[in-house]
Amino acid sequence: MYVEFNQSGHQVYLPKWLPTLAKQFGSGMMDEKELLYLASTIMLAKWENDSYICEIGTYIGLTSVFMAKVASNYNIHTTVLSIDPFERFNPDEVNPQGNFNSYLYNIKMHNLEGMCIPLACFSKDAARVLSPTISVLVIDGSHHYDDVSKDLNLYIPKVKNDGYIFIDDYVSWAYPGVCRAVDEYFSNKSHALLHKSNYVIYRKQK
Ligand SMILES: C[S@@+](CC[C@H](N)C(=O)[O-])C[C@H]1O[C@@H](n2cnc3c(N)ncnc32)[C@H](O)[C@@H]1O
């Protein structure tokens, strides 16, 4: 099957095992279809020795495991770095609280402890220690406007040129803060919009 990006027209061929994997890891956080777009984004990215995937907001790590399995199956030697304060985060009406033990359980169960690594902190505090060699950035942490704006401003500079930015929950009625922050941030940038639905995918341009 092919996945088509609705803004750029890119078509990505997906092998048969991928929909099966997406079915296994689809959740209320990211459903099967969204995971297929995420996998396609990983396949489009350029991978070098220092490249890594950075996920802001991991919850219990199901999407982290999915991304690691996609990368491994494509012989991409990379790391999935997941940033989440887990139990230190106070959940609210638009944000669930991550669970560190469940995250550990999931990465252990899939033998991915060497590939999936957590940073148990708020995203605003972690950006300064990250190398600017992210190939795929997934933003799915706090869904409040101020936090999403900070994530965009702090982490997109850490993405390689031609790297990809995947932002979940671009849904105005449910997450107005996400939409406002994304629209404002990208309005005066030249990054290329590849796909827009209830998530958005950009390619970073200089
Ligand atoms: C929607 S869930 C993430 C779902 C995950 N990406 C997936 O696909 O399974 C949001 C997560 O963001 C975390 N979070 C909330 N505020 C955060 C912040 N400021 N920095 C990083 N993570 C945050 C929460 O603890 C929660 O685990």
# chains A, B, ... in the order shown; residues from 1 in each chain; ligands from 1

$ residues_near_ligand --ligand "ligand 1" --cutoff "6 Å" --atoms "only C-alpha atoms and all ligand atoms" --output "compact mmCIF listing (two decimals) with C-alpha atoms, in the first residue's frame"
# COMPACT_ATOMS: atom_id res chain seq x y z
CA MET A 29 -2.90 8.37 21.60
CA MET A 30 -2.02 7.59 17.97
CA ILE A 56 8.17 14.97 23.35
CA GLY A 57 5.51 13.25 25.45
CA THR A 58 5.69 9.45 25.43
CA TYR A 59 2.96 8.44 27.93
CA GLY A 61 5.97 4.36 25.25
CA LEU A 62 3.84 2.54 22.68
CA THR A 63 4.64 4.98 19.89
CA ILE A 83 11.09 13.28 26.97
CA ASP A 84 8.32 13.11 29.57
CA PRO A 85 8.10 14.13 33.24
CA PHE A 86 5.88 11.07 33.79
CA PHE A 89 3.22 16.02 35.50
CA ASN A 95 -3.26 16.22 29.02
CA PRO A 96 -2.90 12.71 30.41
CA GLN A 97 -0.05 11.83 32.77
CA GLY A 98 2.72 9.53 31.56
CA PHE A 122 9.63 18.65 31.31
CA SER A 123 10.55 19.41 27.70
CA ASP A 140 3.00 15.36 21.62
CA GLY A 141 3.68 16.64 25.14
CA SER A 142 1.62 19.31 26.86

$ select_by_dssp --residues "stretch 34-97 of chain A" --states "helix (DSSP H, G or I)" --output "mmCIF file with N, CA and C atoms, in the first residue's frame"
data_model
loop_
_atom_site.group_PDB
_atom_site.id
_atom_site.type_symbol
_atom_site.label_atom_id
_atom_site.label_comp_id
_atom_site.auth_asym_id
_atom_site.auth_seq_id
_atom_site.Cartn_x
_atom_site.Cartn_y
_atom_site.Cartn_z
ATOM 1 N N GLU A 34 -2.498 7.095 11.777
ATOM 2 C CA GLU A 34 -1.480 8.092 12.139
ATOM 3 C C GLU A 34 -0.100 7.447 12.217
ATOM 4 N N LEU A 35 -0.049 6.238 12.766
ATOM 5 C CA LEU A 35 1.235 5.535 12.863
ATOM 6 C C LEU A 35 1.799 5.243 11.470
ATOM 7 N N LEU A 36 0.923 5.008 10.495
ATOM 8 C CA LEU A 36 1.430 4.769 9.129
ATOM 9 C C LEU A 36 2.078 6.040 8.563
ATOM 10 N N TYR A 37 1.492 7.209 8.886
ATOM 11 C CA TYR A 37 2.118 8.468 8.448
ATOM 12 C C TYR A 37 3.432 8.709 9.191
ATOM 13 N N LEU A 38 3.452 8.323 10.467
ATOM 14 C CA LEU A 38 4.683 8.495 11.236
ATOM 15 C C LEU A 38 5.782 7.591 10.661
ATOM 16 N N ALA A 39 5.421 6.353 10.347
ATOM 17 C CA ALA A 39 6.394 5.430 9.745
ATOM 18 C C ALA A 39 6.879 5.988 8.404
ATOM 19 N N SER A 40 5.970 6.535 7.622
ATOM 20 C CA SER A 40 6.361 7.094 6.319
ATOM 21 C C SER A 40 7.324 8.261 6.502
ATOM 22 N N THR A 41 7.095 9.034 7.546
ATOM 23 C CA THR A 41 7.991 10.163 7.832
ATOM 24 C C THR A 41 9.391 9.642 8.169
ATOM 25 N N ILE A 42 9.453 8.580 8.957
ATOM 26 C CA ILE A 42 10.753 7.981 9.309
ATOM 27 C C ILE A 42 11.440 7.465 8.030
ATOM 28 N N MET A 43 10.636 6.925 7.125
ATOM 29 C CA MET A 43 11.222 6.388 5.891
ATOM 30 C C MET A 43 11.706 7.504 4.968
ATOM 31 N N LEU A 44 11.060 8.666 5.003
ATOM 32 C CA LEU A 44 11.489 9.776 4.140
ATOM 33 C C LEU A 44 12.766 10.442 4.648
ATOM 34 N N LEU A 62 4.236 3.407 23.799
ATOM 35 C CA LEU A 62 3.838 2.541 22.683
ATOM 36 C C LEU A 62 4.307 3.088 21.331
ATOM 37 N N THR A 63 4.190 4.394 21.162
ATOM 38 C CA THR A 63 4.639 4.982 19.892
ATOM 39 C C THR A 63 6.164 4.941 19.801
ATOM 40 N N SER A 64 6.845 5.060 20.947
ATOM 41 C CA SER A 64 8.314 4.954 20.947
ATOM 42 C C SER A 64 8.726 3.576 20.442
ATOM 43 N N VAL A 65 8.067 2.543 20.964
ATOM 44 C CA VAL A 65 8.395 1.175 20.555
ATOM 45 C C VAL A 65 8.092 1.003 19.064
ATOM 46 N N PHE A 66 6.958 1.529 18.630
ATOM 47 C CA PHE A 66 6.599 1.423 17.201
ATOM 48 C C PHE A 66 7.693 2.066 16.328
ATOM 49 N N MET A 67 8.107 3.272 16.694
ATOM 50 C CA MET A 67 9.119 3.970 15.876
ATOM 51 C C MET A 67 10.434 3.199 15.865
ATOM 52 N N ALA A 68 10.799 2.646 17.024
ATOM 53 C CA ALA A 68 12.055 1.887 17.108
ATOM 54 C C ALA A 68 11.977 0.643 16.227
ATOM 55 N N LYS A 69 10.832 -0.011 16.215
ATOM 56 C CA LYS A 69 10.686 -1.222 15.395
ATOM 57 C C LYS A 69 10.716 -0.873 13.904
ATOM 58 N N VAL A 70 10.081 0.222 13.535
ATOM 59 C CA VAL A 70 10.114 0.647 12.125
ATOM 60 C C VAL A 70 11.567 0.909 11.720
ATOM 61 N N ALA A 71 12.274 1.675 12.551
ATOM 62 C CA ALA A 71 13.670 2.003 12.223
ATOM 63 C C ALA A 71 14.505 0.727 12.119
ATOM 64 N N SER A 72 14.372 -0.171 13.093
ATOM 65 C CA SER A 72 15.163 -1.418 13.057
ATOM 66 C C SER A 72 14.876 -2.217 11.805
ATOM 67 N N ASN A 73 13.602 -2.336 11.463
ATOM 68 C CA ASN A 73 13.246 -3.135 10.281
ATOM 69 C C ASN A 73 13.831 -2.551 9.001
ATOM 70 N N PHE A 86 6.624 12.207 33.225
ATOM 71 C CA PHE A 86 5.885 11.072 33.792
ATOM 72 C C PHE A 86 5.091 11.523 35.027
ATOM 73 N N GLU A 87 5.282 10.863 36.157
ATOM 74 C CA GLU A 87 4.421 11.128 37.333
ATOM 75 C C GLU A 87 4.579 12.545 37.898
ATOM 76 N N ARG A 88 5.598 13.275 37.482
ATOM 77 C CA ARG A 88 5.736 14.652 37.998
ATOM 78 C C ARG A 88 4.780 15.612 37.307
#

$ select_by_dssp --residues "stretch 45-199 of chain A" --states "strand (DSSP E)" --output "PDB file with N, CA and C atoms, in the first residue's frame"
ATOM      1  N   TYR A  52      18.910  11.127  15.272  1.00  0.00           N
ATOM      2  CA  TYR A  52      18.041  10.418  16.218  1.00  0.00           C
ATOM      3  C   TYR A  52      16.604  10.931  16.111  1.00  0.00           C
ATOM      4  N   ILE A  53      15.710  10.154  16.734  1.00  0.00           N
ATOM      5  CA  ILE A  53      14.295  10.538  16.814  1.00  0.00           C
ATOM      6  C   ILE A  53      14.084  11.129  18.199  1.00  0.00           C
ATOM      7  N   CYS A  54      13.405  12.263  18.271  1.00  0.00           N
ATOM      8  CA  CYS A  54      13.087  12.853  19.578  1.00  0.00           C
ATOM      9  C   CYS A  54      11.570  12.942  19.697  1.00  0.00           C
ATOM     10  N   GLU A  55      11.038  12.349  20.746  1.00  0.00           N
ATOM     11  CA  GLU A  55       9.589  12.351  20.990  1.00  0.00           C
ATOM     12  C   GLU A  55       9.324  13.150  22.267  1.00  0.00           C
ATOM     13  N   ILE A  56       8.554  14.212  22.156  1.00  0.00           N
ATOM     14  CA  ILE A  56       8.171  14.970  23.354  1.00  0.00           C
ATOM     15  C   ILE A  56       6.800  14.460  23.782  1.00  0.00           C
ATOM     16  N   VAL A  80      15.657   6.356  19.901  1.00  0.00           N
ATOM     17  CA  VAL A  80      14.400   7.082  20.115  1.00  0.00           C
ATOM     18  C   VAL A  80      14.483   7.694  21.507  1.00  0.00           C
ATOM     19  N   LEU A  81      14.700   8.994  21.539  1.00  0.00           N
ATOM     20  CA  LEU A  81      14.795   9.700  22.821  1.00  0.00           C
ATOM     21  C   LEU A  81      13.410  10.232  23.173  1.00  0.00           C
ATOM     22  N   SER A  82      12.887   9.830  24.321  1.00  0.00           N
ATOM     23  CA  SER A  82      11.542  10.263  24.711  1.00  0.00           C
ATOM     24  C   SER A  82      11.627  11.135  25.955  1.00  0.00           C
ATOM     25  N   ILE A  83      11.033  12.316  25.860  1.00  0.00           N
ATOM     26  CA  ILE A  83      11.090  13.279  26.968  1.00  0.00           C
ATOM     27  C   ILE A  83       9.704  13.379  27.601  1.00  0.00           C
ATOM     28  N   CYS A 116      15.575   2.706  22.894  1.00  0.00           N
ATOM     29  CA  CYS A 116      14.605   3.696  23.405  1.00  0.00           C
ATOM     30  C   CYS A 116      15.118   4.214  24.744  1.00  0.00           C
ATOM     31  N   ILE A 117      15.397   5.506  24.801  1.00  0.00           N
ATOM     32  CA  ILE A 117      15.914   6.033  26.074  1.00  0.00           C
ATOM     33  C   ILE A 117      15.036   7.194  26.546  1.00  0.00           C
ATOM     34  N   PRO A 118      14.740   7.234  27.843  1.00  0.00           N
ATOM     35  CA  PRO A 118      13.879   8.296  28.371  1.00  0.00           C
ATOM     36  C   PRO A 118      14.670   9.436  29.008  1.00  0.00           C
ATOM     37  N   LEU A 119      14.122  10.617  28.925  1.00  0.00           N
ATOM     38  CA  LEU A 119      14.607  11.752  29.720  1.00  0.00           C
ATOM     39  C   LEU A 119      13.392  12.150  30.554  1.00  0.00           C
ATOM     40  N   ILE A 134      18.542  16.049  15.308  1.00  0.00           N
ATOM     41  CA  ILE A 134      17.287  15.283  15.256  1.00  0.00           C
ATOM     42  C   ILE A 134      16.866  15.111  13.791  1.00  0.00           C
ATOM     43  N   SER A 135      16.554  13.882  13.408  1.00  0.00           N
ATOM     44  CA  SER A 135      16.038  13.658  12.040  1.00  0.00           C
ATOM     45  C   SER A 135      14.518  13.644  12.009  1.00  0.00           C
ATOM     46  N   VAL A 136      13.898  13.146  13.098  1.00  0.00           N
ATOM     47  CA  VAL A 136      12.431  13.194  13.197  1.00  0.00           C
ATOM     48  C   VAL A 136      12.071  13.660  14.602  1.00  0.00           C
ATOM     49  N   LEU A 137      11.356  14.786  14.673  1.00  0.00           N
ATOM     50  CA  LEU A 137      10.889  15.331  15.949  1.00  0.00           C
ATOM     51  C   LEU A 137       9.382  15.102  16.043  1.00  0.00           C
ATOM     52  N   VAL A 138       8.941  14.480  17.134  1.00  0.00           N
ATOM     53  CA  VAL A 138       7.503  14.251  17.342  1.00  0.00           C
ATOM     54  C   VAL A 138       7.080  15.100  18.541  1.00  0.00           C
ATOM     55  N   ILE A 139       6.163  16.024  18.316  1.00  0.00           N
ATOM     56  CA  ILE A 139       5.710  16.891  19.407  1.00  0.00           C
ATOM     57  C   ILE A 139       4.323  16.428  19.845  1.00  0.00           C
ATOM     58  N   VAL A 159      16.501  20.315  15.090  1.00  0.00           N
ATOM     59  CA  VAL A 159      16.234  19.390  13.972  1.00  0.00           C
ATOM     60  C   VAL A 159      17.200  19.715  12.834  1.00  0.00           C
ATOM     61  N   LYS A 160      17.736  18.676  12.205  1.00  0.00           N
ATOM     62  CA  LYS A 160      18.626  18.883  11.059  1.00  0.00           C
ATOM     63  C   LYS A 160      17.882  19.557   9.918  1.00  0.00           C
ATOM     64  N   ASN A 161      18.593  20.286   9.087  1.00  0.00           N
ATOM     65  CA  ASN A 161      17.960  20.786   7.867  1.00  0.00           C
ATOM     66  C   ASN A 161      17.521  19.576   7.061  1.00  0.00           C
ATOM     67  N   ASP A 162      16.319  19.654   6.515  1.00  0.00           N
ATOM     68  CA  ASP A 162      15.700  18.520   5.809  1.00  0.00           C
ATOM     69  C   ASP A 162      15.216  17.429   6.755  1.00  0.00           C
ATOM     70  N   GLY A 163      15.292  17.667   8.064  1.00  0.00           N
ATOM     71  CA  GLY A 163      14.680  16.753   9.026  1.00  0.00           C
ATOM     72  C   GLY A 163      13.174  17.017   9.077  1.00  0.00           C
ATOM     73  N   TYR A 164      12.457  16.161   9.808  1.00  0.00           N
ATOM     74  CA  TYR A 164      10.991  16.221   9.802  1.00  0.00           C
ATOM     75  C   TYR A 164      10.432  16.555  11.183  1.00  0.00           C
ATOM     76  N   ILE A 165       9.288  17.235  11.156  1.00  0.00           N
ATOM     77  CA  ILE A 165       8.616  17.648  12.390  1.00  0.00           C
ATOM     78  C   ILE A 165       7.187  17.125  12.308  1.00  0.00           C
ATOM     79  N   PHE A 166       6.832  16.295  13.262  1.00  0.00           N
ATOM     80  CA  PHE A 166       5.507  15.652  13.273  1.00  0.00           C
ATOM     81  C   PHE A 166       4.788  16.161  14.522  1.00  0.00           C
ATOM     82  N   ILE A 167       3.678  16.844  14.345  1.00  0.00           N
ATOM     83  CA  ILE A 167       2.975  17.422  15.502  1.00  0.00           C
ATOM     84  C   ILE A 167       1.591  16.784  15.602  1.00  0.00           C
ATOM     85  N   ASP A 168       1.340  16.178  16.753  1.00  0.00           N
ATOM     86  CA  ASP A 168       0.072  15.466  16.936  1.00  0.00           C
ATOM     87  C   ASP A 168      -1.024  16.428  17.426  1.00  0.00           C
ATOM     88  N   ALA A 192       8.610  23.289   4.860  1.00  0.00           N
ATOM     89  CA  ALA A 192       7.635  22.776   3.894  1.00  0.00           C
ATOM     90  C   ALA A 192       6.556  21.945   4.583  1.00  0.00           C
ATOM     91  N   LEU A 193       5.309  22.295   4.321  1.00  0.00           N
ATOM     92  CA  LEU A 193       4.190  21.523   4.872  1.00  0.00           C
ATOM     93  C   LEU A 193       3.922  20.319   3.962  1.00  0.00           C
ATOM     94  N   LEU A 194       4.009  19.121   4.531  1.00  0.00           N
ATOM     95  CA  LEU A 194       3.794  17.900   3.737  1.00  0.00           C
ATOM     96  C   LEU A 194       2.391  17.349   3.907  1.00  0.00           C
ATOM     97  N   HIS A 195       1.880  17.481   5.142  1.00  0.00           N
ATOM     98  CA  HIS A 195       0.595  16.835   5.419  1.00  0.00           C
ATOM     99  C   HIS A 195      -0.117  17.593   6.528  1.00  0.00           C
ATOM    100  N   LYS A 196      -1.440  17.693   6.380  1.00  0.00           N
ATOM    101  CA  LYS A 196      -2.226  18.388   7.400  1.00  0.00           C
ATOM    102  C   LYS A 196      -3.542  17.648   7.572  1.00  0.00           C
ATOM    103  N   TYR A 199      -3.084  15.802  12.459  1.00  0.00           N
ATOM    104  CA  TYR A 199      -1.667  15.960  12.792  1.00  0.00           C
ATOM    105  C   TYR A 199      -1.046  16.689  11.616  1.00  0.00           C
TER     106      TYR A 199
END

$ closest_residue --among "A:Gln11, A:Ile60, A:Lys124, A:Thr79" --to "A:Asn106" --atoms "only C-alpha atoms"
A:Ile60

$ atom_distance --atom1 "atom CA of A:Glu113" --atom2 "atom CA of A:Asn99"
16.3 Å

$ residues_around --residues "A:Tyr13" --least-positions-apart "3" --cutoff "7 Å" --atoms "only C-alpha atoms" --output "PyMOL selection string"
chain A and resi 1-3

$ write_last_selection --atoms "C-alpha atoms" --output "tab-separated table (two decimals), in the first residue's frame"
chain	number	residue	atom	x	y	z
A	1	MET	CA	0.00	0.00	0.00
A	2	TYR	CA	0.96	3.65	-0.44
A	3	VAL	CA	0.56	6.56	1.95
